[in-house]
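Visitor: Sharing coords.txt, compact mmCIF, N, CA and C atoms and all ligand atoms:
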# COMPACT_ATOMS: atom_id res chain seq x y z
N MET A 1 21.83 6.94 57.18
CA MET A 1 20.90 7.90 57.77
C MET A 1 20.19 7.38 58.99
N THR A 2 19.92 6.08 58.96
CA THR A 2 19.14 5.55 60.07
C THR A 2 20.06 5.22 61.24
N ARG A 3 19.49 5.16 62.38
CA ARG A 3 20.21 4.83 63.59
C ARG A 3 19.46 3.69 64.27
N PRO A 4 20.16 2.89 65.10
CA PRO A 4 19.49 1.71 65.70
C PRO A 4 18.21 2.07 66.45
N TRP A 5 18.18 3.27 67.03
CA TRP A 5 17.00 3.64 67.83
C TRP A 5 15.87 4.20 66.97
N ASN A 6 16.11 4.32 65.65
CA ASN A 6 15.05 4.75 64.73
C ASN A 6 14.71 3.60 63.80
N ASP A 7 13.48 3.11 63.88
CA ASP A 7 13.03 2.07 62.96
C ASP A 7 12.29 2.77 61.83
N PRO A 8 12.89 2.84 60.63
CA PRO A 8 12.25 3.62 59.56
C PRO A 8 10.88 3.09 59.16
N TYR A 9 10.66 1.78 59.27
CA TYR A 9 9.34 1.23 58.93
C TYR A 9 8.29 1.77 59.89
N ARG A 10 8.64 1.74 61.19
CA ARG A 10 7.69 2.25 62.18
C ARG A 10 7.51 3.77 62.00
N ASP A 11 8.60 4.46 61.65
CA ASP A 11 8.49 5.90 61.45
C ASP A 11 7.58 6.22 60.26
N ILE A 12 7.63 5.41 59.21
CA ILE A 12 6.73 5.62 58.06
C ILE A 12 5.29 5.35 58.48
N GLU A 13 5.07 4.27 59.23
CA GLU A 13 3.71 3.98 59.69
C GLU A 13 3.15 5.16 60.50
N ARG A 14 3.99 5.71 61.38
CA ARG A 14 3.53 6.85 62.19
C ARG A 14 3.23 8.05 61.31
N LYS A 15 4.12 8.31 60.35
CA LYS A 15 3.94 9.48 59.50
C LYS A 15 2.65 9.38 58.69
N LEU A 16 2.28 8.18 58.31
CA LEU A 16 1.05 8.01 57.52
C LEU A 16 -0.20 8.31 58.33
N THR A 17 -0.05 8.50 59.65
CA THR A 17 -1.20 8.88 60.48
C THR A 17 -1.23 10.37 60.78
N VAL A 18 -0.16 11.10 60.47
CA VAL A 18 -0.09 12.54 60.77
C VAL A 18 0.44 13.29 59.54
N GLN A 19 -0.38 14.15 58.97
CA GLN A 19 0.02 14.92 57.78
C GLN A 19 0.69 14.03 56.73
N PRO A 20 0.00 12.99 56.31
CA PRO A 20 0.62 12.09 55.32
C PRO A 20 0.93 12.78 54.00
N GLU A 21 0.22 13.90 53.74
CA GLU A 21 0.47 14.64 52.50
C GLU A 21 1.85 15.32 52.51
N LEU A 22 2.51 15.30 53.67
CA LEU A 22 3.85 15.88 53.76
C LEU A 22 4.93 14.79 53.77
N PHE A 23 4.56 13.60 53.39
CA PHE A 23 5.54 12.53 53.21
C PHE A 23 5.65 12.30 51.70
N LEU A 24 6.76 12.76 51.13
CA LEU A 24 6.90 12.78 49.67
C LEU A 24 7.85 11.68 49.21
N VAL A 25 7.48 11.03 48.15
CA VAL A 25 8.30 9.96 47.59
C VAL A 25 8.48 10.22 46.10
N ALA A 26 9.73 10.27 45.67
CA ALA A 26 10.03 10.48 44.24
C ALA A 26 10.15 9.12 43.56
N VAL A 27 9.33 8.91 42.54
CA VAL A 27 9.32 7.63 41.84
C VAL A 27 9.55 7.89 40.35
N ARG A 28 10.42 7.10 39.75
CA ARG A 28 10.60 7.15 38.30
C ARG A 28 10.75 5.72 37.81
N GLU A 29 10.04 5.42 36.75
CA GLU A 29 10.05 4.06 36.19
C GLU A 29 9.82 3.02 37.29
N GLU A 30 8.81 3.31 38.11
CA GLU A 30 8.35 2.38 39.15
C GLU A 30 9.40 2.07 40.21
N ARG A 31 10.41 2.92 40.30
CA ARG A 31 11.43 2.72 41.36
C ARG A 31 11.50 3.95 42.24
N VAL A 32 11.57 3.71 43.54
CA VAL A 32 11.72 4.83 44.46
C VAL A 32 13.11 5.41 44.30
N ARG A 33 13.15 6.74 44.07
CA ARG A 33 14.46 7.41 43.86
C ARG A 33 14.84 8.27 45.05
N GLY A 34 13.84 8.68 45.82
CA GLY A 34 14.16 9.53 46.96
C GLY A 34 12.91 9.81 47.77
N SER A 35 13.11 10.38 48.95
CA SER A 35 11.94 10.74 49.76
C SER A 35 12.34 11.79 50.79
N VAL A 36 11.31 12.43 51.32
CA VAL A 36 11.49 13.37 52.43
C VAL A 36 10.22 13.36 53.25
N MET A 37 10.40 13.53 54.55
CA MET A 37 9.28 13.57 55.48
C MET A 37 9.23 14.98 56.06
N ALA A 38 8.09 15.65 55.93
CA ALA A 38 7.96 17.00 56.47
C ALA A 38 6.81 17.06 57.46
N GLY A 39 6.79 18.11 58.26
CA GLY A 39 5.70 18.29 59.21
C GLY A 39 5.61 19.75 59.59
N TYR A 40 4.40 20.19 59.94
CA TYR A 40 4.17 21.57 60.41
C TYR A 40 3.51 21.47 61.77
N ASP A 41 4.16 22.06 62.79
CA ASP A 41 3.64 21.93 64.15
C ASP A 41 2.85 23.17 64.59
N GLY A 42 2.57 24.07 63.63
CA GLY A 42 1.85 25.29 63.96
C GLY A 42 2.77 26.46 64.21
N HIS A 43 4.07 26.20 64.29
CA HIS A 43 5.06 27.27 64.49
C HIS A 43 6.17 27.16 63.46
N ARG A 44 6.71 25.97 63.30
CA ARG A 44 7.79 25.73 62.35
C ARG A 44 7.47 24.50 61.52
N GLY A 45 8.02 24.50 60.33
CA GLY A 45 8.00 23.30 59.51
C GLY A 45 9.31 22.57 59.71
N TRP A 46 9.25 21.26 59.67
CA TRP A 46 10.46 20.45 59.85
C TRP A 46 10.62 19.47 58.70
N LEU A 47 11.86 19.23 58.34
CA LEU A 47 12.17 18.20 57.34
C LEU A 47 12.97 17.10 58.02
N TYR A 48 12.65 15.87 57.65
CA TYR A 48 13.38 14.71 58.16
C TYR A 48 13.63 13.74 57.02
N TYR A 49 14.62 12.90 57.22
CA TYR A 49 14.79 11.72 56.37
C TYR A 49 14.90 12.04 54.88
N LEU A 50 15.44 13.20 54.51
CA LEU A 50 15.65 13.43 53.08
C LEU A 50 16.74 12.48 52.60
N ALA A 51 16.47 11.75 51.55
CA ALA A 51 17.49 10.87 50.97
C ALA A 51 17.17 10.60 49.52
N VAL A 52 18.22 10.49 48.72
CA VAL A 52 18.10 10.16 47.30
C VAL A 52 18.95 8.91 47.06
N ASP A 53 18.43 8.01 46.27
CA ASP A 53 19.18 6.80 45.91
C ASP A 53 20.57 7.21 45.42
N PRO A 54 21.62 6.56 45.93
CA PRO A 54 22.98 6.96 45.50
C PRO A 54 23.13 7.03 43.98
N ALA A 55 22.46 6.14 43.25
CA ALA A 55 22.58 6.13 41.78
C ALA A 55 21.94 7.35 41.14
N ASP A 56 21.08 8.06 41.88
CA ASP A 56 20.34 9.19 41.31
C ASP A 56 20.77 10.54 41.89
N ARG A 57 21.79 10.51 42.73
CA ARG A 57 22.21 11.78 43.35
C ARG A 57 22.82 12.70 42.30
N GLY A 58 22.70 13.99 42.54
CA GLY A 58 23.26 14.97 41.62
C GLY A 58 22.40 15.20 40.39
N THR A 59 21.17 14.71 40.40
CA THR A 59 20.28 14.91 39.24
C THR A 59 19.09 15.81 39.57
N GLY A 60 19.12 16.43 40.74
CA GLY A 60 18.08 17.40 41.06
C GLY A 60 16.90 16.85 41.85
N ILE A 61 16.92 15.56 42.20
CA ILE A 61 15.77 14.98 42.91
C ILE A 61 15.68 15.56 44.32
N GLY A 62 16.81 15.67 45.00
CA GLY A 62 16.81 16.22 46.35
C GLY A 62 16.24 17.63 46.36
N ARG A 63 16.69 18.44 45.40
CA ARG A 63 16.19 19.82 45.31
C ARG A 63 14.68 19.82 45.10
N ARG A 64 14.19 18.99 44.20
CA ARG A 64 12.75 18.98 43.90
C ARG A 64 11.94 18.52 45.11
N LEU A 65 12.45 17.54 45.83
CA LEU A 65 11.74 17.07 47.03
C LEU A 65 11.65 18.19 48.07
N VAL A 66 12.77 18.88 48.30
CA VAL A 66 12.76 19.95 49.30
C VAL A 66 11.87 21.10 48.85
N ARG A 67 11.95 21.47 47.58
CA ARG A 67 11.10 22.56 47.08
C ARG A 67 9.62 22.22 47.21
N GLU A 68 9.27 20.98 46.89
CA GLU A 68 7.86 20.57 46.99
C GLU A 68 7.40 20.62 48.45
N ALA A 69 8.26 20.14 49.35
CA ALA A 69 7.92 20.19 50.78
C ALA A 69 7.75 21.65 51.22
N GLU A 70 8.67 22.53 50.77
CA GLU A 70 8.56 23.95 51.13
C GLU A 70 7.25 24.54 50.63
N GLU A 71 6.88 24.20 49.40
CA GLU A 71 5.64 24.75 48.84
C GLU A 71 4.43 24.27 49.62
N ARG A 72 4.43 23.00 49.99
CA ARG A 72 3.28 22.48 50.76
C ARG A 72 3.21 23.11 52.14
N LEU A 73 4.38 23.31 52.78
CA LEU A 73 4.40 23.96 54.09
C LEU A 73 3.93 25.41 53.96
N SER A 74 4.42 26.12 52.93
CA SER A 74 4.01 27.51 52.72
C SER A 74 2.51 27.59 52.54
N ALA A 75 1.94 26.66 51.78
CA ALA A 75 0.50 26.66 51.52
C ALA A 75 -0.29 26.46 52.81
N MET A 76 0.33 25.86 53.83
CA MET A 76 -0.33 25.67 55.13
C MET A 76 -0.14 26.88 56.04
N GLY A 77 0.60 27.91 55.58
CA GLY A 77 0.85 29.10 56.39
C GLY A 77 2.09 29.00 57.25
N CYS A 78 2.91 28.03 57.00
CA CYS A 78 4.12 27.81 57.80
C CYS A 78 5.16 28.90 57.46
N PRO A 79 5.62 29.68 58.48
CA PRO A 79 6.52 30.79 58.19
C PRO A 79 7.98 30.42 58.03
N LYS A 80 8.40 29.27 58.56
CA LYS A 80 9.83 28.93 58.51
C LYS A 80 10.00 27.42 58.56
N VAL A 81 10.95 26.95 57.75
CA VAL A 81 11.23 25.51 57.75
C VAL A 81 12.66 25.29 58.24
N GLN A 82 12.87 24.23 58.98
CA GLN A 82 14.20 23.94 59.50
C GLN A 82 14.40 22.44 59.61
N LEU A 83 15.60 22.06 59.91
CA LEU A 83 15.92 20.63 59.97
C LEU A 83 17.21 20.44 60.75
N MET A 84 17.47 19.22 61.11
CA MET A 84 18.70 18.89 61.83
C MET A 84 19.59 18.05 60.92
N VAL A 85 20.87 18.36 60.92
CA VAL A 85 21.85 17.59 60.13
C VAL A 85 22.95 17.16 61.09
N ARG A 86 23.32 15.91 61.03
CA ARG A 86 24.44 15.47 61.88
C ARG A 86 25.70 16.22 61.44
N PRO A 87 26.51 16.68 62.42
CA PRO A 87 27.64 17.55 62.09
C PRO A 87 28.60 16.95 61.07
N GLU A 88 28.74 15.61 61.08
CA GLU A 88 29.71 14.99 60.17
C GLU A 88 29.17 14.86 58.74
N ASN A 89 27.91 15.22 58.53
CA ASN A 89 27.30 15.04 57.21
C ASN A 89 27.56 16.27 56.33
N ALA A 90 28.81 16.39 55.87
CA ALA A 90 29.22 17.58 55.10
C ALA A 90 28.45 17.69 53.79
N ARG A 91 28.12 16.55 53.18
CA ARG A 91 27.41 16.60 51.91
C ARG A 91 26.02 17.24 52.08
N ALA A 92 25.33 16.82 53.12
CA ALA A 92 23.99 17.37 53.34
C ALA A 92 24.08 18.85 53.70
N ARG A 93 25.10 19.20 54.46
CA ARG A 93 25.23 20.62 54.83
C ARG A 93 25.47 21.47 53.59
N GLY A 94 26.32 20.97 52.67
CA GLY A 94 26.56 21.70 51.42
C GLY A 94 25.32 21.78 50.56
N PHE A 95 24.57 20.68 50.53
CA PHE A 95 23.32 20.65 49.76
C PHE A 95 22.35 21.70 50.28
N TYR A 96 22.12 21.71 51.60
CA TYR A 96 21.14 22.66 52.13
C TYR A 96 21.63 24.10 51.99
N ALA A 97 22.94 24.31 52.12
CA ALA A 97 23.46 25.67 51.91
C ALA A 97 23.18 26.11 50.48
N ALA A 98 23.33 25.18 49.52
CA ALA A 98 23.08 25.52 48.12
C ALA A 98 21.61 25.87 47.89
N LEU A 99 20.73 25.36 48.76
CA LEU A 99 19.30 25.66 48.62
C LEU A 99 18.87 26.86 49.46
N GLY A 100 19.86 27.57 50.03
CA GLY A 100 19.54 28.81 50.74
C GLY A 100 19.31 28.65 52.23
N TYR A 101 19.60 27.48 52.79
CA TYR A 101 19.42 27.27 54.23
C TYR A 101 20.62 27.83 54.98
N GLU A 102 20.34 28.48 56.11
CA GLU A 102 21.39 29.11 56.90
C GLU A 102 21.55 28.38 58.23
N ASP A 103 22.81 28.30 58.68
CA ASP A 103 23.08 27.64 59.96
C ASP A 103 22.39 28.39 61.10
N VAL A 104 21.95 27.64 62.07
CA VAL A 104 21.35 28.22 63.27
C VAL A 104 22.18 27.72 64.45
N ASP A 105 22.63 28.66 65.28
CA ASP A 105 23.45 28.28 66.43
C ASP A 105 22.52 27.94 67.58
N THR A 106 22.25 26.67 67.73
CA THR A 106 21.33 26.27 68.78
C THR A 106 21.71 24.90 69.32
N TRP A 107 21.22 24.58 70.45
CA TRP A 107 21.48 23.29 71.08
C TRP A 107 20.23 22.45 70.93
N VAL A 108 20.37 21.32 70.28
CA VAL A 108 19.22 20.44 70.09
C VAL A 108 19.17 19.44 71.24
N THR A 109 18.03 19.34 71.86
CA THR A 109 17.88 18.36 72.92
C THR A 109 16.58 17.59 72.70
N GLY A 110 16.48 16.43 73.24
CA GLY A 110 15.30 15.62 72.99
C GLY A 110 15.09 14.60 74.09
N LYS A 111 13.90 14.05 74.10
CA LYS A 111 13.54 13.05 75.11
C LYS A 111 12.61 12.04 74.45
N ARG A 112 12.95 10.79 74.57
CA ARG A 112 12.11 9.77 73.96
C ARG A 112 10.83 9.58 74.77
N LEU A 113 9.69 9.52 74.10
CA LEU A 113 8.41 9.29 74.76
C LEU A 113 7.95 7.85 74.60
N ILE A 114 8.37 7.22 73.52
CA ILE A 114 8.05 5.81 73.31
C ILE A 114 9.36 5.09 73.03
N ALA A 115 9.70 4.14 73.87
CA ALA A 115 10.94 3.39 73.68
C ALA A 115 10.65 2.23 72.74
N ASP A 116 10.96 2.43 71.47
CA ASP A 116 10.71 1.37 70.48
C ASP A 116 11.62 0.19 70.75
N GLU A 117 11.08 -0.99 70.50
CA GLU A 117 11.92 -2.19 70.51
C GLU A 117 12.92 -2.07 69.37
N PRO A 118 14.07 -2.75 69.44
CA PRO A 118 14.99 -2.73 68.31
C PRO A 118 14.28 -3.18 67.04
N ALA A 119 14.61 -2.54 65.92
CA ALA A 119 13.93 -2.83 64.66
C ALA A 119 14.15 -4.29 64.27
N PRO A 120 13.07 -5.02 63.93
CA PRO A 120 13.25 -6.39 63.46
C PRO A 120 13.83 -6.39 62.05
N PRO A 121 14.52 -7.45 61.65
CA PRO A 121 15.03 -7.49 60.27
C PRO A 121 13.87 -7.47 59.29
N ARG A 122 13.95 -6.65 58.25
CA ARG A 122 12.89 -6.58 57.23
C ARG A 122 13.55 -6.63 55.88
N PRO A 123 12.78 -7.01 54.85
CA PRO A 123 13.38 -7.12 53.51
C PRO A 123 13.85 -5.80 52.98
C1 LIG A 201 21.79 15.30 50.43
C2 LIG A 201 21.10 14.62 49.24
C3 LIG A 201 19.65 14.36 49.60
C4 LIG A 201 21.15 15.57 48.04
O1 LIG A 201 20.30 15.06 47.02
P1 LIG A 201 20.67 15.21 45.45
O2 LIG A 201 19.47 14.73 44.69
O3 LIG A 201 21.95 14.53 45.17
O4 LIG A 201 20.86 16.78 45.28
P2 LIG A 201 20.51 17.64 43.99
O5 LIG A 201 21.02 16.92 42.78
O6 LIG A 201 19.05 17.98 44.00
O7 LIG A 201 21.35 18.96 44.25
C5 LIG A 201 20.73 20.22 44.38
C6 LIG A 201 21.79 21.29 44.37
O8 LIG A 201 22.62 21.17 45.52
C7 LIG A 201 23.98 21.15 45.12
N1 LIG A 201 24.70 20.30 46.05
C8 LIG A 201 24.42 19.03 46.35
N2 LIG A 201 25.31 18.56 47.27
C9 LIG A 201 26.15 19.59 47.51
C10 LIG A 201 27.26 19.76 48.37
N3 LIG A 201 27.71 18.78 49.15
N4 LIG A 201 27.89 20.96 48.38
C11 LIG A 201 27.45 21.98 47.62
N5 LIG A 201 26.39 21.89 46.78
C12 LIG A 201 25.74 20.71 46.74
C13 LIG A 201 23.96 20.59 43.72
O9 LIG A 201 25.12 20.98 43.03
C14 LIG A 201 22.71 21.20 43.16
O10 LIG A 201 22.92 22.52 42.72
P3 LIG A 201 22.60 22.93 41.19
O11 LIG A 201 21.17 22.53 40.96
O12 LIG A 201 22.86 24.38 41.16
O13 LIG A 201 23.54 22.09 40.37
C15 LIG A 201 21.80 13.30 48.86
O14 LIG A 201 23.17 13.53 48.74
C16 LIG A 201 21.59 12.16 49.85
O15 LIG A 201 20.64 11.39 49.75
N6 LIG A 201 22.50 12.05 50.87
C17 LIG A 201 22.42 10.96 51.84
C18 LIG A 201 21.27 11.15 52.83
C19 LIG A 201 21.45 12.39 53.66
O16 LIG A 201 22.52 12.66 54.16
N7 LIG A 201 20.33 13.16 53.82
C20 LIG A 201 20.32 14.38 54.58
C21 LIG A 201 19.93 14.10 55.98
S1 LIG A 201 19.89 15.62 56.94
Just dump the structure as structure tokens.

Guide:
Amino acid sequence: MTRPWNDPYRDIERKLTVQPELFLVAVREERVRGSVMAGYDGHRGWLYYLAVDPADRGTGIGRRLVREAEERLSAMGCPKVQLMVRPENARARGFYAALGYEDVDTWVTGKRLIADEPAPPRP
């Protein structure tokens, strides 16, 4: 899921400063099983970084994380939630389709505002 230009540690630190209540972590028996990062920008809700531990996939954790994020966004008045999936990620596309998400024909473009240094090795 991660890419060299995304340092997940730094991304978590940033998320903890903005709507930290929309950063959800699924824990069972003191082990992290999955997580999702959501945000509401006043127009749309966004989901990022949804992932479930490979050993726990297919047990409903992904669905529960997305549903909880949807409920929290709805409670904030957010009218629509969306997300980006890399085209080759067929599993995620099937997962989101099963949860009622519909494809949107759009061109995603972006511009980096902070050029992070390459992520240092971490445990
Ligand atoms: C995508 C991912 C988060 C799904 O999590 P999960 O916990 O395995 O999914 P769930 O067990 O909650 O599945 C929920 C439903 O989606 C369905 N589903 C899951 N993957 C599916 C697929 N590829 N095609 C069709 N349906 C799928 C399940 O059958 C289930 O339906 P059911 O409740 O009616 O049985 C998980 O596969 C993952 O971590 N993938 C790697 C990271 C990733 O690609 N994240 C997405 C980035 S955009």

Visitor: Taking all atoms listed in the file into account, list the residues no farther than 7 Å from ligand LIG 201 (chain A), as an MDAnalysis selection string.

Guide: chainID A and resid 1 48:54 56:65 83:86 89:99

Visitor: Using DSSP on the backbone, list every residue of chain A that comes out as alpha helix (DSSP H), and give them as number ranges by chain.

Guide: A: 8-15, 61-75, 90-98

Visitor: Compile the contact shell of A:Glu117 as an MDAnalysis selection string: residues with an atom at most 8 Å away, counting all atoms listed in the file, same-chain residues fewer than 4 positions apart removed.

Guide: chainID A and resid 4:5 7

Visitor: Quick one, how far is atom C of A:Ala75 from atom C of A:Arg14?

Guide: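 About the pair atom C of A:Ala75 and atom C of A:Arg14: they are 20.6 Å apart.
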
Visitor: Record the distance separating atom CA of A:Phe23 and atom CA of A:Gly39, expressed in Å with one decimal.

Guide: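 Between atom CA of A:Phe23 and atom CA of A:Gly39 the gap works out to 8.3 Å.
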
Visitor: Near A:Lys15, within 12 Å and counting only C-alpha atoms, which residues show up once chain neighbours fewer than 2 positions away are dropped, as number ranges by chain?

Guide: A: 8-13, 17-24, 36-39, 48-49

Visitor: Atom C of A:Glu102 and atom CA of A:Ser74, how far apart in Å?

Guide: 18.4 Å

Visitor: Considering only C-alpha atoms, state which residue in the set A:Pro87, A:Gly42, A:Val27, A:Pro121 is at the smallest distance from A:Val108.

Guide: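 So, comparing all the options, the nearest one is A:Pro87.
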
Visitor: Have a look at A:Ile114, A:Arg44, A:Val66, A:Gly100 and name the one nearest to A:Lys80; count only N, CA and C atoms.

Guide: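 Closest residue, counting only N, CA and C atoms: A:Arg44.
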
Visitor: As JSON, please report the centre and edge lengths, rounded to one decimal in Å, of the axis-aligned box that holds all listed atoms of stretch 111-121 of chain A with 8 Å of padding on each of the six sides.

Guide:
{"center_x": 11.5, "center_y": 3.3, "center_z": 67.2, "size_x": 23.1, "size_y": 37.5, "size_z": 31.8}

Visitor: Could you give me, as a PDB file with N, CA and C atoms, keeping the file's coordinate frame, each residue of stretch 5-103 of chain A that DSSP assigns to strand (DSSP E or B) when run on this structure's backbone?

Guide:
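Writing the result to result_39.pdb gives the following:
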ATOM      1  N   PHE A  23       4.560  13.600  53.390  1.00  0.00           N
ATOM      2  CA  PHE A  23       5.540  12.530  53.210  1.00  0.00           C
ATOM      3  C   PHE A  23       5.650  12.300  51.700  1.00  0.00           C
ATOM      4  N   LEU A  24       6.760  12.760  51.130  1.00  0.00           N
ATOM      5  CA  LEU A  24       6.900  12.780  49.670  1.00  0.00           C
ATOM      6  C   LEU A  24       7.850  11.680  49.210  1.00  0.00           C
ATOM      7  N   VAL A  25       7.480  11.030  48.150  1.00  0.00           N
ATOM      8  CA  VAL A  25       8.300   9.960  47.590  1.00  0.00           C
ATOM      9  C   VAL A  25       8.480  10.220  46.100  1.00  0.00           C
ATOM     10  N   ALA A  26       9.730  10.270  45.670  1.00  0.00           N
ATOM     11  CA  ALA A  26      10.030  10.480  44.240  1.00  0.00           C
ATOM     12  C   ALA A  26      10.150   9.120  43.560  1.00  0.00           C
ATOM     13  N   VAL A  27       9.330   8.910  42.540  1.00  0.00           N
ATOM     14  CA  VAL A  27       9.320   7.630  41.840  1.00  0.00           C
ATOM     15  C   VAL A  27       9.550   7.890  40.350  1.00  0.00           C
ATOM     16  N   ARG A  28      10.420   7.100  39.750  1.00  0.00           N
ATOM     17  CA  ARG A  28      10.600   7.150  38.300  1.00  0.00           C
ATOM     18  C   ARG A  28      10.750   5.720  37.810  1.00  0.00           C
ATOM     19  N   ARG A  31      10.410   2.920  40.300  1.00  0.00           N
ATOM     20  CA  ARG A  31      11.430   2.720  41.360  1.00  0.00           C
ATOM     21  C   ARG A  31      11.500   3.950  42.240  1.00  0.00           C
ATOM     22  N   VAL A  32      11.570   3.710  43.540  1.00  0.00           N
ATOM     23  CA  VAL A  32      11.720   4.830  44.460  1.00  0.00           C
ATOM     24  C   VAL A  32      13.110   5.410  44.300  1.00  0.00           C
ATOM     25  N   ARG A  33      13.150   6.740  44.070  1.00  0.00           N
ATOM     26  CA  ARG A  33      14.460   7.410  43.860  1.00  0.00           C
ATOM     27  C   ARG A  33      14.840   8.270  45.050  1.00  0.00           C
ATOM     28  N   GLY A  34      13.840   8.680  45.820  1.00  0.00           N
ATOM     29  CA  GLY A  34      14.160   9.530  46.960  1.00  0.00           C
ATOM     30  C   GLY A  34      12.910   9.810  47.770  1.00  0.00           C
ATOM     31  N   SER A  35      13.110  10.380  48.950  1.00  0.00           N
ATOM     32  CA  SER A  35      11.940  10.740  49.760  1.00  0.00           C
ATOM     33  C   SER A  35      12.340  11.790  50.790  1.00  0.00           C
ATOM     34  N   VAL A  36      11.310  12.430  51.320  1.00  0.00           N
ATOM     35  CA  VAL A  36      11.490  13.370  52.430  1.00  0.00           C
ATOM     36  C   VAL A  36      10.220  13.360  53.250  1.00  0.00           C
ATOM     37  N   MET A  37      10.400  13.530  54.550  1.00  0.00           N
ATOM     38  CA  MET A  37       9.280  13.570  55.480  1.00  0.00           C
ATOM     39  C   MET A  37       9.230  14.980  56.060  1.00  0.00           C
ATOM     40  N   ALA A  38       8.090  15.650  55.930  1.00  0.00           N
ATOM     41  CA  ALA A  38       7.960  17.000  56.470  1.00  0.00           C
ATOM     42  C   ALA A  38       6.810  17.060  57.460  1.00  0.00           C
ATOM     43  N   GLY A  39       6.790  18.110  58.260  1.00  0.00           N
ATOM     44  CA  GLY A  39       5.700  18.290  59.210  1.00  0.00           C
ATOM     45  C   GLY A  39       5.610  19.750  59.590  1.00  0.00           C
ATOM     46  N   TYR A  40       4.400  20.190  59.940  1.00  0.00           N
ATOM     47  CA  TYR A  40       4.170  21.570  60.410  1.00  0.00           C
ATOM     48  C   TYR A  40       3.510  21.470  61.770  1.00  0.00           C
ATOM     49  N   GLY A  45       8.020  24.500  60.330  1.00  0.00           N
ATOM     50  CA  GLY A  45       8.000  23.300  59.510  1.00  0.00           C
ATOM     51  C   GLY A  45       9.310  22.570  59.710  1.00  0.00           C
ATOM     52  N   TRP A  46       9.250  21.260  59.670  1.00  0.00           N
ATOM     53  CA  TRP A  46      10.460  20.450  59.850  1.00  0.00           C
ATOM     54  C   TRP A  46      10.620  19.470  58.700  1.00  0.00           C
ATOM     55  N   LEU A  47      11.860  19.230  58.340  1.00  0.00           N
ATOM     56  CA  LEU A  47      12.170  18.200  57.340  1.00  0.00           C
ATOM     57  C   LEU A  47      12.970  17.100  58.020  1.00  0.00           C
ATOM     58  N   TYR A  48      12.650  15.870  57.650  1.00  0.00           N
ATOM     59  CA  TYR A  48      13.380  14.710  58.160  1.00  0.00           C
ATOM     60  C   TYR A  48      13.630  13.740  57.020  1.00  0.00           C
ATOM     61  N   TYR A  49      14.620  12.900  57.220  1.00  0.00           N
ATOM     62  CA  TYR A  49      14.790  11.720  56.370  1.00  0.00           C
ATOM     63  C   TYR A  49      14.900  12.040  54.880  1.00  0.00           C
ATOM     64  N   LEU A  50      15.440  13.200  54.510  1.00  0.00           N
ATOM     65  CA  LEU A  50      15.650  13.430  53.080  1.00  0.00           C
ATOM     66  C   LEU A  50      16.740  12.480  52.600  1.00  0.00           C
ATOM     67  N   ALA A  51      16.470  11.750  51.550  1.00  0.00           N
ATOM     68  CA  ALA A  51      17.490  10.870  50.970  1.00  0.00           C
ATOM     69  C   ALA A  51      17.170  10.600  49.520  1.00  0.00           C
ATOM     70  N   VAL A  52      18.220  10.490  48.720  1.00  0.00           N
ATOM     71  CA  VAL A  52      18.100  10.160  47.300  1.00  0.00           C
ATOM     72  C   VAL A  52      18.950   8.910  47.060  1.00  0.00           C
ATOM     73  N   VAL A  81      10.950  26.950  57.750  1.00  0.00           N
ATOM     74  CA  VAL A  81      11.230  25.510  57.750  1.00  0.00           C
ATOM     75  C   VAL A  81      12.660  25.290  58.240  1.00  0.00           C
ATOM     76  N   GLN A  82      12.870  24.230  58.980  1.00  0.00           N
ATOM     77  CA  GLN A  82      14.200  23.940  59.500  1.00  0.00           C
ATOM     78  C   GLN A  82      14.400  22.440  59.610  1.00  0.00           C
ATOM     79  N   LEU A  83      15.600  22.060  59.910  1.00  0.00           N
ATOM     80  CA  LEU A  83      15.920  20.630  59.970  1.00  0.00           C
ATOM     81  C   LEU A  83      17.210  20.440  60.750  1.00  0.00           C
TER      82      LEU A  83
END

Visitor: For a quick check of understanding, using only C-alpha atoms, which of A:Glu68, A:Tyr40, A:Glu88, A:Lys111 has the smallest distance to A:Val25?

Guide: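 Of A:Glu68, A:Tyr40, A:Glu88, A:Lys111, the one nearest A:Val25 is A:Glu68, counting only C-alpha atoms.
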